[in-house]
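Novice: Sending over model.cif (mmCIF, C-alpha atoms).
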```cif
data_target
#
loop_
_atom_site.label_atom_id
_atom_site.label_comp_id
_atom_site.auth_asym_id
_atom_site.auth_seq_id
_atom_site.Cartn_x
_atom_site.Cartn_y
_atom_site.Cartn_z
CA MET V 1204 -1.09 19.16 32.13
CA ASN V 1205 -0.82 20.02 28.42
CA LYS V 1206 -1.59 16.82 26.52
CA LYS V 1207 -1.39 17.00 22.76
CA SER V 1208 -4.19 15.42 20.80
CA LEU V 1209 -3.70 12.33 18.65
CA ALA V 1210 -6.51 13.45 16.31
CA GLY V 1211 -4.23 14.96 13.66
CA PRO V 1212 -1.69 12.14 13.34
CA ARG V 1213 -4.37 9.49 13.71
CA ALA V 1214 -6.49 11.03 10.93
CA LEU V 1215 -3.46 11.35 8.64
CA THR V 1216 -2.52 7.73 9.24
CA ILE V 1217 -6.07 6.43 8.74
CA ILE V 1218 -6.50 8.39 5.52
CA GLY V 1219 -3.10 7.22 4.27
CA ALA V 1220 -3.90 3.56 4.95
CA ILE V 1221 -7.33 3.81 3.29
CA VAL V 1222 -5.88 5.49 0.21
CA MET V 1223 -3.17 2.81 0.02
CA LEU V 1224 -5.94 0.23 -0.27
CA VAL V 1225 -7.99 2.24 -2.76
CA SER V 1226 -4.97 2.87 -4.98
CA LEU V 1227 -4.65 -0.88 -5.61
CA ALA V 1228 -7.85 -0.70 -7.66
CA LEU V 1229 -6.85 2.46 -9.55
CA PRO V 1230 -4.94 2.50 -12.87
CA TYR V 1231 -1.53 0.87 -12.51
CA ALA V 1232 -0.49 1.25 -16.15
CA THR V 1233 -1.97 3.40 -18.88
CA SER V 1234 -1.54 3.92 -22.59
CA SER V 1235 -3.49 5.87 -25.15
CA ASP V 1236 -5.58 2.75 -25.87
CA ASP V 1237 -5.71 0.91 -22.55
CA THR V 1238 -5.79 1.25 -18.77
CA MET V 1239 -4.79 -1.59 -16.45
CA THR V 1240 -5.11 -2.02 -12.72
CA ALA V 1241 -2.90 -4.50 -10.89
CA PHE V 1242 -5.85 -6.91 -11.00
CA THR V 1243 -6.14 -6.49 -14.79
CA ILE V 1244 -2.48 -7.41 -15.15
CA ALA V 1245 -3.11 -10.60 -13.18
CA GLU V 1246 -6.14 -11.42 -15.37
CA ARG V 1247 -4.13 -10.94 -18.56
CA TRP V 1248 -1.34 -13.15 -17.29
CA LYS V 1249 -3.95 -15.75 -16.32
CA GLU V 1250 -5.29 -15.73 -19.89
CA LEU V 1251 -1.74 -16.11 -21.26
CA GLN V 1252 -1.18 -18.92 -18.77
CA ARG V 1253 -4.32 -20.67 -19.99
CA LEU V 1254 -3.27 -20.32 -23.64
CA THR V 1255 0.17 -21.79 -22.96
CA SER V 1256 -1.17 -24.58 -20.66
CA MET V 1257 0.91 -23.53 -17.67
CA SER V 1258 -0.35 -24.88 -14.35
CA ILE V 1259 0.88 -22.10 -12.05
CA GLY V 1260 2.57 -18.92 -12.95
CA VAL V 1261 2.85 -15.22 -12.91
CA SER V 1262 -0.85 -14.47 -12.38
CA GLU V 1263 -0.83 -16.29 -9.03
CA ILE V 1264 2.31 -14.43 -7.99
CA ILE V 1265 0.73 -11.10 -8.94
CA LEU V 1266 -2.45 -11.89 -7.02
CA ALA V 1267 -0.43 -13.06 -4.01
CA MET V 1268 1.56 -9.82 -4.04
CA ILE V 1269 -1.61 -7.72 -4.28
CA ILE V 1270 -3.14 -9.67 -1.38
CA ILE V 1271 0.02 -9.25 0.71
CA ILE V 1272 0.06 -5.50 0.08
CA ALA V 1273 -3.66 -5.25 0.90
CA VAL V 1274 -3.34 -7.31 4.10
CA PHE V 1275 -0.50 -5.16 5.44
CA SER V 1276 -2.39 -2.00 4.46
CA VAL V 1277 -5.46 -3.26 6.33
CA LEU V 1278 -3.33 -4.07 9.37
CA ALA V 1279 -1.86 -0.56 9.24
CA LEU V 1280 -5.42 0.81 9.07
CA ILE V 1281 -6.60 -1.29 12.01
CA PHE V 1282 -3.70 -0.16 14.21
CA ALA V 1283 -4.15 3.45 13.05
CA ILE V 1284 -7.79 3.32 14.15
CA ALA V 1285 -6.61 1.89 17.49
CA ALA V 1286 -4.04 4.75 17.73
CA LYS V 1287 -1.12 2.33 18.01
CA GLY V 1288 1.79 4.16 16.37
CA VAL V 1289 4.50 1.51 16.31
CA PRO V 1290 2.48 -1.35 14.76
CA THR V 1291 0.95 1.11 12.29
CA LEU V 1292 4.42 2.24 11.27
CA VAL V 1293 5.68 -1.33 10.92
CA PHE V 1294 2.76 -2.50 8.77
CA ALA V 1295 2.76 0.66 6.62
CA ILE V 1296 6.47 0.17 5.93
CA ILE V 1297 6.01 -3.54 5.13
CA ALA V 1298 3.11 -2.72 2.76
CA THR V 1299 5.24 -0.07 1.07
CA LEU V 1300 8.22 -2.40 0.69
CA ALA V 1301 5.96 -5.11 -0.76
CA TYR V 1302 4.58 -2.54 -3.22
CA VAL V 1303 8.09 -1.46 -4.20
CA TYR V 1304 8.98 -5.12 -4.82
CA PHE V 1305 5.80 -5.55 -6.86
CA ASN V 1306 6.73 -2.50 -8.96
CA LEU V 1307 10.26 -3.78 -9.52
CA SER V 1308 8.82 -7.07 -10.77
CA PHE V 1309 5.97 -5.75 -12.94
CA THR V 1310 6.93 -2.32 -14.24
CA PRO V 1311 4.93 -1.17 -17.29
CA TYR V 1312 6.93 -0.95 -20.49
CA GLY V 1313 6.56 -0.07 -24.16
CA GLN V 1314 3.55 2.11 -24.83
CA TYR V 1315 2.44 1.89 -21.20
CA SER V 1316 3.40 4.33 -18.48
CA LEU V 1317 2.76 4.23 -14.76
CA GLY V 1318 -0.82 5.01 -13.85
CA PHE V 1319 -2.23 7.37 -11.24
CA GLY V 1320 -2.69 4.54 -8.73
CA VAL V 1321 1.06 3.97 -8.42
CA TYR V 1322 1.79 7.58 -7.57
CA LEU V 1323 -1.19 7.78 -5.22
CA PHE V 1324 -0.03 4.67 -3.34
CA TYR V 1325 3.36 6.23 -2.65
CA ILE V 1326 1.81 9.52 -1.51
CA ALA V 1327 -0.57 7.62 0.77
CA ALA V 1328 2.27 5.46 2.12
CA VAL V 1329 4.29 8.56 2.99
CA ALA V 1330 1.21 10.00 4.73
CA ALA V 1331 0.62 6.78 6.70
CA ILE V 1332 4.27 6.49 7.70
CA ALA V 1333 4.56 10.18 8.62
CA GLY V 1334 1.28 10.05 10.56
CA SER V 1335 2.37 7.01 12.52
CA ILE V 1336 5.71 8.60 13.38
CA TRP V 1337 3.85 11.76 14.43
CA MET V 1338 1.52 9.60 16.55
CA ILE V 1339 4.52 7.97 18.28
CA VAL V 1340 6.08 11.38 18.99
CA VAL V 1341 2.83 12.80 20.41
CA LYS V 1342 2.27 9.74 22.61
CA HIS V 1343 5.87 9.86 23.84
CA GLY V 1344 5.51 13.60 24.58
CA ASN V 1345 2.25 13.02 26.41
CA LYS V 1346 3.85 10.25 28.46
CA ASN V 1347 6.76 12.52 29.42
CA THR V 1348 4.36 15.35 30.31
CA ALA V 1349 2.30 13.02 32.50
CA ALA V 1350 5.43 11.71 34.21
CA ASN V 1351 6.64 15.25 35.01
CA ALA V 1352 3.28 16.38 36.37
#
```
Transcribe the structure of this file into structure tokens.
Specialist:
Amino acid sequence: MNKKSLAGPRALTIIGAIVMLVSLALPYATSSDDTMTAFTIAERWKELQRLTSMSIGVSEIILAMIIIIAVFSVLALIFAIAAKGVPTLVFAIIATLAYVYFNLSFTPYGQYSLGFGVYLFYIAAVAAIAGSIWMIVVKHGNKNTAANA
């Protein structure tokens, strides 16, 4: 019986999910004078909210989106550690779609350009998604090999 190891796809998926989480704290927008993470953007909106006496607003939405992205990334990580390909794939895709939505809503403009964290998140998401698909294929191949033995 020639079973293929899950070590490669599992490692790729775990690393991808961890980097997705880390990238949330890395620069989201940069300019020659300033660097902002997604959390910094929320803080600045909160200050603007306070100055304009708004009760609830954009800062809460930004924080909620960051939390949603982080929760789905953590779930992808947990299932990657457990070597469960399908749930890992589902949660990695949901985290990526939430991040895409976040980027469509809060794209840097003017003197700001996208920071390293944005690009790193997408690279990590591709790694997590590819690793989970690879994990599913290896598990399916191992199941077919075991059935034929």
Novice: Could you name the residues that touch Val1341 (chain V) at 12 Å or less, counting all atoms listed in the file, but leaving out those on the same chain fewer than 2 positions away, as a list in words?
Specialist: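 Surrounding residues, per the criterion: Asn1205, Lys1206, Lys1207, Ser1208, Leu1209, Ala1210, Gly1211, Pro1212, Arg1213, Ala1286, Lys1287, Gly1288, Gly1334, Ser1335, Ile1336, Trp1337, Met1338, Ile1339, His1343, Gly1344, Asn1345, Lys1346, Asn1347 and Thr1348 of chain V.
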Novice: Could you check the closest approach to Thr1216 (chain V) for each of V:Ala1350, V:Ile1296, V:Leu1278, V:Ala1330 and tell me which residue wins, using all atoms listed in the file?
Specialist: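 Looking only at the distances to Thr1216 (chain V), the closest residue turns out to be V:Ala1330.
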Novice: Where does the PyMOL selection byres ((chain V and resi 1295) around 7) land in this file, that is, which residues does it pick, as a ChimeraX atom specification?
Specialist: /V:1275-1276,1279,1291-1294,1296-1299,1328,1331-1332
Novice: List the residues selected by the PyMOL selection byres ((chain V and resi 1227) around 9) in the file shown, writing them as an MDAnalysis selection string.
Specialist: chainID V and resid 1222:1226 1228:1231 1240:1242 1269 1272:1273 1320:1321 1324
Novice: Please evaluate the PyMOL selection byres ((chain V and resi 1263) around 12) against the structure above and give the resulting residues as a ChimeraX atom specification.
Specialist: /V:1242,1244-1250,1252,1257-1262,1264-1270
Novice: Keeping only C-alpha atoms, take the residues you just selected and write them out as an mmCIF file, in the coordinates of the input.
Specialist:
```
data_model
loop_
_atom_site.group_PDB
_atom_site.id
_atom_site.type_symbol
_atom_site.label_atom_id
_atom_site.label_comp_id
_atom_site.auth_asym_id
_atom_site.auth_seq_id
_atom_site.Cartn_x
_atom_site.Cartn_y
_atom_site.Cartn_z
ATOM 1 C CA PHE V 1242 -5.850 -6.910 -11.000
ATOM 2 C CA ILE V 1244 -2.480 -7.410 -15.150
ATOM 3 C CA ALA V 1245 -3.110 -10.600 -13.180
ATOM 4 C CA GLU V 1246 -6.140 -11.420 -15.370
ATOM 5 C CA ARG V 1247 -4.130 -10.940 -18.560
ATOM 6 C CA TRP V 1248 -1.340 -13.150 -17.290
ATOM 7 C CA LYS V 1249 -3.950 -15.750 -16.320
ATOM 8 C CA GLU V 1250 -5.290 -15.730 -19.890
ATOM 9 C CA GLN V 1252 -1.180 -18.920 -18.770
ATOM 10 C CA MET V 1257 0.910 -23.530 -17.670
ATOM 11 C CA SER V 1258 -0.350 -24.880 -14.350
ATOM 12 C CA ILE V 1259 0.880 -22.100 -12.050
ATOM 13 C CA GLY V 1260 2.570 -18.920 -12.950
ATOM 14 C CA VAL V 1261 2.850 -15.220 -12.910
ATOM 15 C CA SER V 1262 -0.850 -14.470 -12.380
ATOM 16 C CA ILE V 1264 2.310 -14.430 -7.990
ATOM 17 C CA ILE V 1265 0.730 -11.100 -8.940
ATOM 18 C CA LEU V 1266 -2.450 -11.890 -7.020
ATOM 19 C CA ALA V 1267 -0.430 -13.060 -4.010
ATOM 20 C CA MET V 1268 1.560 -9.820 -4.040
ATOM 21 C CA ILE V 1269 -1.610 -7.720 -4.280
ATOM 22 C CA ILE V 1270 -3.140 -9.670 -1.380
#
```
Novice: Please, which residues are within 12 Å of (-4.5, 1.7, -26.3) by the file's coordinates, counting only C-alpha atoms, and could they come as a VMD selection string?
Specialist: chain V and resid 1232 to 1239 1313 to 1316
Novice: Identify which of the residues V:Ala1333, V:Ala1214, V:Gly1219, V:Ile1271 lies closest to Ala1301 (chain V), counting all atoms listed in the file when measuring atom-to-atom distances.
Specialist: V:Ile1271
